[in-house]
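Asker: Quick one: structure below, then a few questions.
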Amino acid sequence: MDPDKKLALQERRKRVQDEKQTQAFRRAIELGDDDSNTQVKLSKALMMQGDDDAAQVALEESMRLDSDRKLLVKAFKLEESSEIREAEKIYRDSHTI
C-alpha cells in the first residue's frame, strides 16, 4: 500500500475511534454516570478531536462535581500544554501521604 494512503487510513481510523469514545462518554453521562471521572475522560476525548472549547466545559463540570479534583485538572492542562515537569510535581504531591 502507498505510504500516503496508509497514513491517511490510520488517521481516519484514529478519528473514528476518538469520535466513538466521545459518543460513549456522552451516552454514559446521559444514562446517569455523570461523575468527575467520566467528565475528565470526556474532556480528554474531546481534546483528541481538537474540540478544546467543549473539552474545557467538561473539565469545568468535573471540577464542579469534585472540588478536590481541581489540582489534578490543573496538572492535566499542564501536561496537555507540554509543561510536563510542573504536571508531574502536582501528580506526585497529590499522592503523597
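All residue names refer to the C-alpha cells as shown: chains lettered A, B, ... in order, residues numbered from 1 in each chain, ligands numbered from 1 in order.
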Distance table requested - segment 46-82 of chain A against segment 4-18 of chain A, cut-off 12 Å, only C-alpha atoms: one row per qualifying residue with the closest atom pair and its distance in Å to one decimal, ordered by chain and rising residue number, as CSV.
Answerer:
```
residue,atom,partner,partner_atom,distance
A:Leu46,CA,A:Asp18,CA,7.9
A:Met47,CA,A:Asp18,CA,9.5
A:Met48,CA,A:Asp18,CA,6.8
A:Gln49,CA,A:Asp18,CA,6.4
A:Gly50,CA,A:Asp18,CA,10.2
A:Asp51,CA,A:Asp18,CA,11.3
```
Asker: Only N, CA and C atoms, please: the residues just picked out, written as a PDB file, in the first residue's frame.
Answerer:
```pdb
ATOM      1  N   LEU A  46     -12.439  14.781  23.855  1.00  0.00           N
ATOM      2  CA  LEU A  46     -12.740  15.976  23.074  1.00  0.00           C
ATOM      3  C   LEU A  46     -11.461  16.701  22.658  1.00  0.00           C
ATOM      4  N   MET A  47     -10.473  16.726  23.545  1.00  0.00           N
ATOM      5  CA  MET A  47      -9.191  17.342  23.192  1.00  0.00           C
ATOM      6  C   MET A  47      -8.528  16.599  22.042  1.00  0.00           C
ATOM      7  N   MET A  48      -8.614  15.277  22.067  1.00  0.00           N
ATOM      8  CA  MET A  48      -8.019  14.478  20.997  1.00  0.00           C
ATOM      9  C   MET A  48      -8.684  14.782  19.658  1.00  0.00           C
ATOM     10  N   GLN A  49      -9.944  15.192  19.699  1.00  0.00           N
ATOM     11  CA  GLN A  49     -10.664  15.553  18.482  1.00  0.00           C
ATOM     12  C   GLN A  49     -10.423  17.002  18.088  1.00  0.00           C
ATOM     13  N   GLY A  50      -9.757  17.749  18.951  1.00  0.00           N
ATOM     14  CA  GLY A  50      -9.492  19.153  18.657  1.00  0.00           C
ATOM     15  C   GLY A  50     -10.594  20.098  19.078  1.00  0.00           C
ATOM     16  N   ASP A  51     -11.548  19.606  19.868  1.00  0.00           N
ATOM     17  CA  ASP A  51     -12.656  20.445  20.334  1.00  0.00           C
ATOM     18  C   ASP A  51     -12.318  20.986  21.723  1.00  0.00           C
TER      19      ASP A  51
END
```
Asker: Quick one: distance from atom CA of Leu72 of chain A to atom CA of Arg27 of chain A in Å, one decimal?
Answerer: 24.1 Å
Asker: With only C-alpha atoms as the counted atoms, please give the residues lying no more than 9 Å from Glu61 of chain A, apart from itself and same-chain residues fewer than 2 positions off, as a list in words.
Answerer: Asp35, Ser36, Gln39, Val40, Gln56, Val57, Ala58, Leu59, Met63, Arg64, Leu65 and Asp66 of chain A
Asker: Could you please take those selected residues and save N, CA and C atoms as an mmCIF file, in the first residue's frame?
Answerer:
```cif
data_model
loop_
_atom_site.group_PDB
_atom_site.id
_atom_site.type_symbol
_atom_site.label_atom_id
_atom_site.label_comp_id
_atom_site.auth_asym_id
_atom_site.auth_seq_id
_atom_site.Cartn_x
_atom_site.Cartn_y
_atom_site.Cartn_z
ATOM 1 N N ASP A 35 -20.182 11.518 36.728
ATOM 2 C CA ASP A 35 -19.265 11.793 37.834
ATOM 3 C C ASP A 35 -18.034 12.500 37.284
ATOM 4 N N SER A 36 -17.178 12.892 38.182
ATOM 5 C CA SER A 36 -15.999 13.654 37.808
ATOM 6 C C SER A 36 -15.081 12.881 36.858
ATOM 7 N N GLN A 39 -16.387 12.869 33.302
ATOM 8 C CA GLN A 39 -16.216 14.187 32.692
ATOM 9 C C GLN A 39 -14.760 14.413 32.251
ATOM 10 N N VAL A 40 -13.810 13.962 33.060
ATOM 11 C CA VAL A 40 -12.394 14.098 32.680
ATOM 12 C C VAL A 40 -12.095 13.265 31.438
ATOM 13 N N GLN A 56 -12.948 22.052 27.599
ATOM 14 C CA GLN A 56 -12.890 22.952 28.750
ATOM 15 C C GLN A 56 -14.184 22.885 29.559
ATOM 16 N N VAL A 57 -15.312 22.830 28.870
ATOM 17 C CA VAL A 57 -16.606 22.735 29.561
ATOM 18 C C VAL A 57 -16.663 21.448 30.387
ATOM 19 N N ALA A 58 -16.210 20.336 29.806
ATOM 20 C CA ALA A 58 -16.217 19.053 30.533
ATOM 21 C C ALA A 58 -15.287 19.104 31.743
ATOM 22 N N LEU A 59 -14.120 19.745 31.613
ATOM 23 C CA LEU A 59 -13.209 19.876 32.754
ATOM 24 C C LEU A 59 -13.829 20.723 33.860
ATOM 25 N N MET A 63 -14.704 19.613 37.765
ATOM 26 C CA MET A 63 -14.328 20.330 38.991
ATOM 27 C C MET A 63 -15.551 20.682 39.827
ATOM 28 N N ARG A 64 -16.661 20.986 39.163
ATOM 29 C CA ARG A 64 -17.896 21.281 39.906
ATOM 30 C C ARG A 64 -18.363 20.043 40.666
ATOM 31 N N LEU A 65 -18.238 18.888 40.034
ATOM 32 C CA LEU A 65 -18.687 17.641 40.647
ATOM 33 C C LEU A 65 -17.760 17.166 41.758
ATOM 34 N N ASP A 66 -16.476 17.526 41.671
ATOM 35 C CA ASP A 66 -15.495 17.059 42.661
ATOM 36 C C ASP A 66 -14.448 18.150 42.859
#
```
Asker: Give me, as a PyMOL selection string, the residues of chain A that a backbone DSSP run labels helix (DSSP H, G or I).
Answerer: chain A and resi 3-30+36-48+52-65+67-80+84-94
